[in-house]
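Asks: Below you will find the structure I want to go over with you.
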Amino acid sequence: MKRIGVFTSGGDAPGMNAALRAVVRTGLNHGLEVYAIYEGYSGLVEGGENIRPMSWGEVGGILHLGGTVIGSARCKEFRERAGRLRAVRNLLLHEIDGLIVIGGDGSLTGAYLLHNEWQDLVEELVETGQVTKKAASRHKALPVVGIIGSIDNDMFGSDITTGTDTALHRIVDATDAISSTAASHQRSFVVEVMGRNCGYLALMGAMASGADWVLIPESPPDVDDWEEKMCEKLRKGRLMGRRDSMVIVAEGARDCNGNPITSRHVKEVIEERLGEDVRITVLGHVQRGGSPSAFDRNLSTQLGVEAVETISTMAGEAEPLIVGFQGNKLTRTPLRVALEKTKAVADAVAARKFDEALELRGAAFGRSFEVVRTLVRATPHPPAPDQRRLRIAIMHGGGPAPGMNTAARAAVRIGIDRGHIMLGVRNAFRGLINNEINEFNWMSVNGWATRGGSELGTNRTIPKGRDLYAIARSLEEHQIDGILMIGGWSGYQSILELYNQRKNYPAFDIPMICLPATINNNLPGTELSVGADTALNSIVSAVDKIKQSAVASQRAFIVEVMGYYCGYLALMGALATGAERVYLHEEGVSMRDLVADVEEFREAFKKGKRLGLVIRNEMANEVYTTNFMRMLFEEEGGDLFDVRQAILGHMQQGGTPSPFDRIFATRLGVNCIDTLVDYIERRETVGLCIGQVRGEVSFTHLDDVPRLMDYEHSRPVRQWWMDLRPIANLLARQGYSLTGEGETAE
Ligand code: ADP
């Protein structure tokens with residue numbers, strides 16, 4: 001394979017540019033020529049100027065842009081054989097050996113067809129004299145690799161697709177804004193989100209926003225008169241003191257007879273039956289637009305790299321594959337299988353086989369639906385008369401992390417709904433020492449899903465010595481059966497201390513679970529922690545702005561980000577913003593590195609580079625501080641460029657939690673309570689950390705923590721994301737462009 005083509009097609013999706021950049025740069029790095037096909041299938045059918053070679057620099061400075069810089073289109077002609085014949089002719093004329101398609105199921109269906117018809121179409125072109133036999137013989141088959149670009153997340157082959165996370169950002173921004181105006185006027189809102197056959201955005205939007213009711217295509221309300229059930233729920237919510245109510249409707253929502261449920265219908269029903277003032281907001285194309293989230297940039301970048309790795313090793317006649325992201329890992333799936341399974345859900349919905357549709361979506365989807373249904377209840381199920389009501393304490397520990405409140409809310413509501421008594425400990429372990437413990441009720445956590453900071457309060461106190469007596473007394477006084485600690489490393493250390501002191505303090509001999517919530521993402525037993533995604537998005541939007549501020553001068557920025565000794569935020573921030581250099585404590589920083597980097601910058605600025613970007617973890621090196629680096633670069637840069645530093649600071653711990661963090665926090669919170677209850681009922685003492693491993697919720701024993709952690713640097717011994725280091729190095733290779741990343745090398 002010498003030359004590959006890449007295009008974006010169908011509905012645009014934020015993150016397509018990151019995928020394109022990764023495809024072009026990885027391709028060039030592999031020694032391939034990469035041709036972009038502008039305007040999707042229209043460009044392929046039209047040919048000419050629409051098919052052009054791409055350089056390293058041409059895809060610089062596009063990571064933060066929404067949409068797709070090479071255009072997308074819907075193309076009727078390509079649906080006909082005649083159109084595809086022209087497409088094949090253009091591919092042969094440009095001697096393109098393989099295609100990378102970034103698009104939705106329509107676009108990928110088109111590519112599948114093109115692959116299957118290839119030989120036929122080539123023969124026809126030869127017979128009609130449109131291409132030579134020689135040209136045809138060089139291209140006996142068309143290798144195809146797909147990347148799913150779809151905000152709906154409606155395809156098989158990837159747990160999440162390019163654009164979905166950004167769409168959720170847009171939805172959550174809107175629902176947060178709507179909630180506050182709705183609460184002010186005690187109004188009801190109906191919010192319509194995209195998703196014709198797939199309720200993913202609606203369901204996750206509801207989970208992330210604390211909506212009161214959600215209607216999705218795969219699981220219609222199970223009663224004929226669902227309207228009454230919904231109104232009853234909203235009525236009860238008002239009685240309980242809710243000031244706002246919100247119903248989220250997927251555009252393809254339907255009732256159990258298969259009839260569409262429109263947002264207008266929902267509005268009319270609420271107005272008639274509750275006499276309320278109801279407004280509709282149809283989010284529409286807002287969901288597609290805007291700058292991609294940090295997650296979408298990094299996901300799409302990885303998929304772009306993997307697509308090139310896949311196609312460059314593909315045998316000529318190999319069947320088309322899609323690259324995806326499943327269980328926090330890159331995967332390859334036959335396109336045929338992905339398309340078939342995707343179609344099966346749509347068919348099941350159309351045939352009103354809703355159970356089948358829900359099952360096909362996967363177990364996690366069904367579980368999320370159940371969780372949403374519980375969390376949005378106006379009142380909990382009453383406890384069973386003969387039930388043992390457990391007393392579970394919920395608390396924080398460590399620094400603040402966005403999403404702590406979301407996790408606490410989910411845990412409290414699930415616990416109360418299961419009939420248990422949920423107790424809130426204020427001010428982390430200090431509060432446990434000082435006996436600051438109160439019982440929650442259902443409404444005490446109302447509105448917490450969306451709130452940043454920590455309502456219960458958190459700090460880094462680690463109990464020792466006499467504190468342990470005080471804690472034992474508090475636990476005994478409140479007859480606490482189990483503890484859920486939602487927090488960071490000092491919270492984990494505190495729970496470990498209690499766990500290790502079980503023999504001396506019988507009150508500690510109860511099940512305890514730690515839920516990872518820290519922006520640093522430095523905790524054992526999990527690939528991710530709640531809060532890290534929000535912090536990453538804060539970093540990325542700050543760096544985007546910093547880059548824009550430097551349009552007129554030759555300037556390098558040194559941006560310092562948090563993370564303590566863990567370089568997660570620094571590396572992922574660099575990957576998402578295209579920073580040329582990133583300094584991590586994990587790798588160390590030497591004077592030799594710094595000198596080499598300054599030299600490289602000098603060379604680049606000499607050749608006309610306008611903007612340089614360096615990201616530095618706050619603890620990267622004790623001696624070579626951010627200020628030191630600024631002075632070094634400034635001094636050595638001479639007249640070639642000036643240097644500014646930006647220490648992003650505590651803004652990284654604040655802000656409303658991102659949709660990813662809200663969904664993740666909810667999932668973990670629910671799981672923790674179910675597990676705690678299980679252990680308490682079995683009278684089995686256990687100390688666990690919950691987390692996500694290979695995309696699945698999993699538990700690690702506290703006994704294993706010392707083995708998993710590098711205590712000196714408060715970070716896990718093995719950090720999966722360090723595997724992304726080579727990609728960050730490669731894609732942001734030193735360059736000379738106006739935008740700060742690479743017009744170089746080739
Ligand atoms: P998406 O890729 O986002 O699902 P569409 O369904 O509109 O968007 O598909 C984009 C383009 O892909 C269409 O305009 C058409 O050119 C091509 N396409 C879609 N479905 C087919 C098909 N069944 N056969 C051939 N081409 C198709």
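Every chain in the structure tokens has a letter given in the order shown (A, B, ...), and although residue numbers restart at 1 in each chain, ligands are simply numbered from 1 in the order shown.
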Residues contacting ligand 1 - anything with an atom at most 6 Å away, using only C-alpha atoms and all ligand atoms - can you give me those as a PyMOL selection string?
Replies: chain A and resi 9-11+41+74-76+78-79+103-107+109-110
Asks: For the residues in the current selection, export C-alpha atoms as a PDB file, in the first residue's frame.
Replies:
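Wrote again.pdb, looks like this:
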ATOM      1  CA  SER A   9     -19.248  11.732   5.256  1.00  0.00           C
ATOM      2  CA  GLY A  10     -22.872  11.974   6.354  1.00  0.00           C
ATOM      3  CA  GLY A  11     -23.827  13.901   9.457  1.00  0.00           C
ATOM      4  CA  TYR A  41     -19.023  10.869  -1.443  1.00  0.00           C
ATOM      5  CA  ARG A  74     -25.124  13.648   1.559  1.00  0.00           C
ATOM      6  CA  CYS A  75     -24.760  12.316  -1.952  1.00  0.00           C
ATOM      7  CA  LYS A  76     -27.704  10.823  -3.803  1.00  0.00           C
ATOM      8  CA  PHE A  78     -23.481   7.481  -4.746  1.00  0.00           C
ATOM      9  CA  ARG A  79     -26.557   5.476  -3.812  1.00  0.00           C
ATOM     10  CA  GLY A 103     -18.954   8.600   9.015  1.00  0.00           C
ATOM     11  CA  GLY A 104     -22.202   7.152  10.293  1.00  0.00           C
ATOM     12  CA  ASP A 105     -23.924   3.906   9.394  1.00  0.00           C
ATOM     13  CA  GLY A 106     -25.126   5.298   6.057  1.00  0.00           C
ATOM     14  CA  SER A 107     -21.634   6.264   4.986  1.00  0.00           C
ATOM     15  CA  THR A 109     -22.911   1.042   4.348  1.00  0.00           C
ATOM     16  CA  GLY A 110     -21.892   2.925   1.213  1.00  0.00           C
TER      17      GLY A 110
END
Asks: For Thr333 in chain A, list every protein, DNA or RNA residue within 7 Å, evaluated using only C-alpha atoms, and leave out those in the same chain fewer than 6 positions away; present the list as a list of chain:residue names.
Replies: A:Gly157, A:Leu321, A:Ile322, A:Val323
Asks: From a backbone DSSP assignment, name each residue in range 238-310 of chain A labelled strand (DSSP E), as number ranges by chain.
Replies: A: 245-250, 278-282
Asks: As a list in words, please: every residue in range 383-412 of chain A that DSSP puts in alpha helix (DSSP H).
Replies: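 Result set for range 383-412 of chain A (alpha helix (DSSP H)): Met404, Asn405, Thr406, Ala407, Ala408, Arg409, Ala410, Ala411 and Val412 of chain A.
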Asks: If you measure from CA of Asp224 in chain A to CA of Lys353 in chain A, what distance in Å do you get, rounded to one decimal?
Replies: 15.9 Å
Asks: For Arg555 in chain A, which of A:Asn504, A:Gln719, A:Thr262, A:Gln645 is the closest residue, counting only C-alpha atoms?
Replies: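 Between A:Asn504, A:Gln719, A:Thr262, A:Gln645, the residue approaching Arg555 in chain A most closely is A:Gln645.
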Asks: Name the closest residue to Met204 in chain A among the candidates A:Ser658, A:Asn116, A:Asn90, A:Ser72; distances are taken between atoms, counting only C-alpha atoms.
Replies: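 Of the candidates, the smallest distance to Met204 in chain A is held by A:Ser658.
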Asks: Name the residues in contact with range 378-387 of chain A at a cut-off of 9 Å, using only C-alpha atoms, excluding same-chain residues fewer than 3 positions from it; report them as number ranges by chain.
Replies: A: 212, 233-240, 242, 374-375, 413-414, 416-420, 442-443
Asks: Could the residues in this selection be saved with N, CA, C and O atoms as an mmCIF file, in the first residue's frame?
Replies:
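Here's the written file out20.cif:
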data_model
loop_
_atom_site.group_PDB
_atom_site.id
_atom_site.type_symbol
_atom_site.label_atom_id
_atom_site.label_comp_id
_atom_site.auth_asym_id
_atom_site.auth_seq_id
_atom_site.Cartn_x
_atom_site.Cartn_y
_atom_site.Cartn_z
ATOM 1 N N ASP A 212 -36.852 14.423 35.024
ATOM 2 C CA ASP A 212 -37.887 13.693 35.772
ATOM 3 C C ASP A 212 -38.450 12.511 35.001
ATOM 4 O O ASP A 212 -39.092 11.625 35.563
ATOM 5 N N LYS A 233 -46.252 11.189 38.329
ATOM 6 C CA LYS A 233 -44.865 11.338 38.797
ATOM 7 C C LYS A 233 -44.496 12.826 38.952
ATOM 8 O O LYS A 233 -43.918 13.245 39.946
ATOM 9 N N LEU A 234 -44.866 13.625 37.941
ATOM 10 C CA LEU A 234 -44.539 15.054 37.990
ATOM 11 C C LEU A 234 -45.300 15.730 39.126
ATOM 12 O O LEU A 234 -44.765 16.586 39.844
ATOM 13 N N ARG A 235 -46.575 15.321 39.298
ATOM 14 C CA ARG A 235 -47.419 15.874 40.364
ATOM 15 C C ARG A 235 -46.759 15.605 41.731
ATOM 16 O O ARG A 235 -46.610 16.487 42.559
ATOM 17 N N LYS A 236 -46.351 14.369 41.917
ATOM 18 C CA LYS A 236 -45.718 13.972 43.190
ATOM 19 C C LYS A 236 -44.438 14.773 43.427
ATOM 20 O O LYS A 236 -44.160 15.181 44.549
ATOM 21 N N GLY A 237 -43.677 14.949 42.356
ATOM 22 C CA GLY A 237 -42.423 15.705 42.448
ATOM 23 C C GLY A 237 -42.689 17.119 42.964
ATOM 24 O O GLY A 237 -41.983 17.616 43.831
ATOM 25 N N ARG A 238 -43.709 17.746 42.424
ATOM 26 C CA ARG A 238 -44.079 19.100 42.879
ATOM 27 C C ARG A 238 -44.422 19.071 44.363
ATOM 28 O O ARG A 238 -44.003 19.938 45.126
ATOM 29 N N LEU A 239 -45.210 18.066 44.772
ATOM 30 C CA LEU A 239 -45.612 17.963 46.182
ATOM 31 C C LEU A 239 -44.391 17.808 47.090
ATOM 32 O O LEU A 239 -44.366 18.302 48.207
ATOM 33 N N MET A 240 -43.377 17.114 46.567
ATOM 34 C CA MET A 240 -42.171 16.904 47.365
ATOM 35 C C MET A 240 -41.285 18.151 47.384
ATOM 36 O O MET A 240 -40.243 18.170 48.025
ATOM 37 N N ARG A 242 -40.167 19.883 44.378
ATOM 38 C CA ARG A 242 -39.352 20.163 43.185
ATOM 39 C C ARG A 242 -39.871 21.421 42.516
ATOM 40 O O ARG A 242 -41.055 21.542 42.246
ATOM 41 N N THR A 374 -35.004 4.735 38.690
ATOM 42 C CA THR A 374 -35.004 4.834 40.159
ATOM 43 C C THR A 374 -34.656 6.244 40.617
ATOM 44 O O THR A 374 -35.343 6.823 41.452
ATOM 45 N N LEU A 375 -33.580 6.794 40.022
ATOM 46 C CA LEU A 375 -33.099 8.082 40.525
ATOM 47 C C LEU A 375 -34.100 9.207 40.317
ATOM 48 O O LEU A 375 -34.128 10.168 41.079
ATOM 49 N N ARG A 413 -29.827 7.997 46.929
ATOM 50 C CA ARG A 413 -31.162 7.647 46.426
ATOM 51 C C ARG A 413 -31.325 6.133 46.251
ATOM 52 O O ARG A 413 -32.373 5.575 46.570
ATOM 53 N N ILE A 414 -30.290 5.490 45.741
ATOM 54 C CA ILE A 414 -30.392 4.045 45.549
ATOM 55 C C ILE A 414 -30.555 3.372 46.907
ATOM 56 O O ILE A 414 -31.377 2.483 47.102
ATOM 57 N N ILE A 416 -31.767 4.657 49.770
ATOM 58 C CA ILE A 416 -33.100 4.901 50.358
ATOM 59 C C ILE A 416 -34.151 4.083 49.614
ATOM 60 O O ILE A 416 -35.045 3.485 50.227
ATOM 61 N N ASP A 417 -34.038 4.041 48.295
ATOM 62 C CA ASP A 417 -35.022 3.284 47.508
ATOM 63 C C ASP A 417 -34.994 1.792 47.837
ATOM 64 O O ASP A 417 -35.995 1.102 47.713
ATOM 65 N N ARG A 418 -33.817 1.295 48.258
ATOM 66 C CA ARG A 418 -33.709 -0.118 48.635
ATOM 67 C C ARG A 418 -34.154 -0.318 50.091
ATOM 68 O O ARG A 418 -33.996 -1.387 50.651
ATOM 69 N N GLY A 419 -34.612 0.772 50.737
ATOM 70 C CA GLY A 419 -35.179 0.658 52.076
ATOM 71 C C GLY A 419 -34.207 0.928 53.213
ATOM 72 O O GLY A 419 -34.529 0.681 54.376
ATOM 73 N N HIS A 420 -33.007 1.455 52.897
ATOM 74 C CA HIS A 420 -32.004 1.624 53.952
ATOM 75 C C HIS A 420 -31.930 3.066 54.451
ATOM 76 O O HIS A 420 -32.511 3.971 53.871
ATOM 77 N N TRP A 442 -34.849 11.745 50.823
ATOM 78 C CA TRP A 442 -34.849 11.680 49.354
ATOM 79 C C TRP A 442 -34.534 13.027 48.725
ATOM 80 O O TRP A 442 -33.764 13.126 47.777
ATOM 81 N N MET A 443 -35.109 14.087 49.284
ATOM 82 C CA MET A 443 -34.943 15.402 48.664
ATOM 83 C C MET A 443 -33.666 16.111 49.112
ATOM 84 O O MET A 443 -33.319 17.148 48.553
#
Asks: When you look at Arg644 in chain A with a cut-off of 9 Å (counting only C-alpha atoms), what residues show up, excluding the ones that are within fewer than 4 positions of it in the same chain? I need them as a list in words.
Replies: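 Here the answer would be Arg555, Ala556, Phe557, Ile558, Val559, Arg630 and Glu634 of chain A.
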Asks: Selection from above, all heavy atoms, as a tab-separated table (two decimals), in the first residue's frame, can you write it?
Replies:
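Okay, out.tsv is ready:
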chain	number	residue	atom	x	y	z
A	555	ARG	N	5.53	33.36	19.90
A	555	ARG	CA	5.46	33.16	21.34
A	555	ARG	C	5.37	31.68	21.69
A	555	ARG	O	4.73	30.91	20.97
A	555	ARG	CB	4.23	33.91	21.85
A	555	ARG	CG	4.03	33.81	23.33
A	555	ARG	CD	3.01	34.82	23.80
A	555	ARG	NE	3.57	36.18	23.81
A	555	ARG	CZ	2.86	37.26	24.15
A	555	ARG	NH1	1.60	37.15	24.47
A	555	ARG	NH2	3.43	38.44	24.16
A	556	ALA	N	6.02	31.34	22.81
A	556	ALA	CA	5.85	29.98	23.33
A	556	ALA	C	5.16	30.07	24.69
A	556	ALA	O	5.42	31.00	25.45
A	556	ALA	CB	7.21	29.31	23.48
A	557	PHE	N	4.27	29.16	24.95
A	557	PHE	CA	3.59	29.12	26.24
A	557	PHE	C	4.02	27.88	27.01
A	557	PHE	O	4.11	26.79	26.45
A	557	PHE	CB	2.07	29.04	26.05
A	557	PHE	CG	1.47	30.36	25.68
A	557	PHE	CD1	1.19	30.66	24.36
A	557	PHE	CD2	1.20	31.30	26.65
A	557	PHE	CE1	0.65	31.87	24.01
A	557	PHE	CE2	0.66	32.52	26.31
A	557	PHE	CZ	0.38	32.81	24.99
A	558	ILE	N	4.21	28.09	28.30
A	558	ILE	CA	4.43	26.95	29.19
A	558	ILE	C	3.23	26.90	30.12
A	558	ILE	O	2.99	27.84	30.89
A	558	ILE	CB	5.74	27.09	29.97
A	558	ILE	CG1	6.88	27.15	28.95
A	558	ILE	CG2	5.92	25.91	30.92
A	558	ILE	CD1	8.24	27.33	29.55
A	559	VAL	N	2.44	25.86	29.99
A	559	VAL	CA	1.22	25.75	30.77
A	559	VAL	C	1.42	24.68	31.84
A	559	VAL	O	1.76	23.54	31.52
A	559	VAL	CB	0.02	25.38	29.86
A	559	VAL	CG1	-1.25	25.25	30.69
A	559	VAL	CG2	-0.16	26.42	28.76
A	630	ARG	N	10.33	28.86	32.06
A	630	ARG	CA	10.01	30.09	31.33
A	630	ARG	C	11.27	30.92	31.12
A	630	ARG	O	11.57	31.36	30.01
A	630	ARG	CB	8.96	30.91	32.08
A	630	ARG	CG	8.61	32.21	31.37
A	630	ARG	CD	7.72	33.09	32.22
A	630	ARG	NE	8.35	33.56	33.45
A	630	ARG	CZ	9.28	34.50	33.53
A	630	ARG	NH1	9.70	35.10	32.44
A	630	ARG	NH2	9.80	34.85	34.69
A	634	GLU	N	13.02	31.74	27.64
A	634	GLU	CA	13.06	33.17	27.29
A	634	GLU	C	14.48	33.58	26.96
A	634	GLU	O	14.75	34.21	25.94
A	634	GLU	CB	12.53	33.95	28.51
A	634	GLU	CG	12.49	35.45	28.32
A	634	GLU	CD	11.21	35.91	27.64
A	634	GLU	OE1	10.14	35.71	28.23
A	634	GLU	OE2	11.28	36.44	26.53
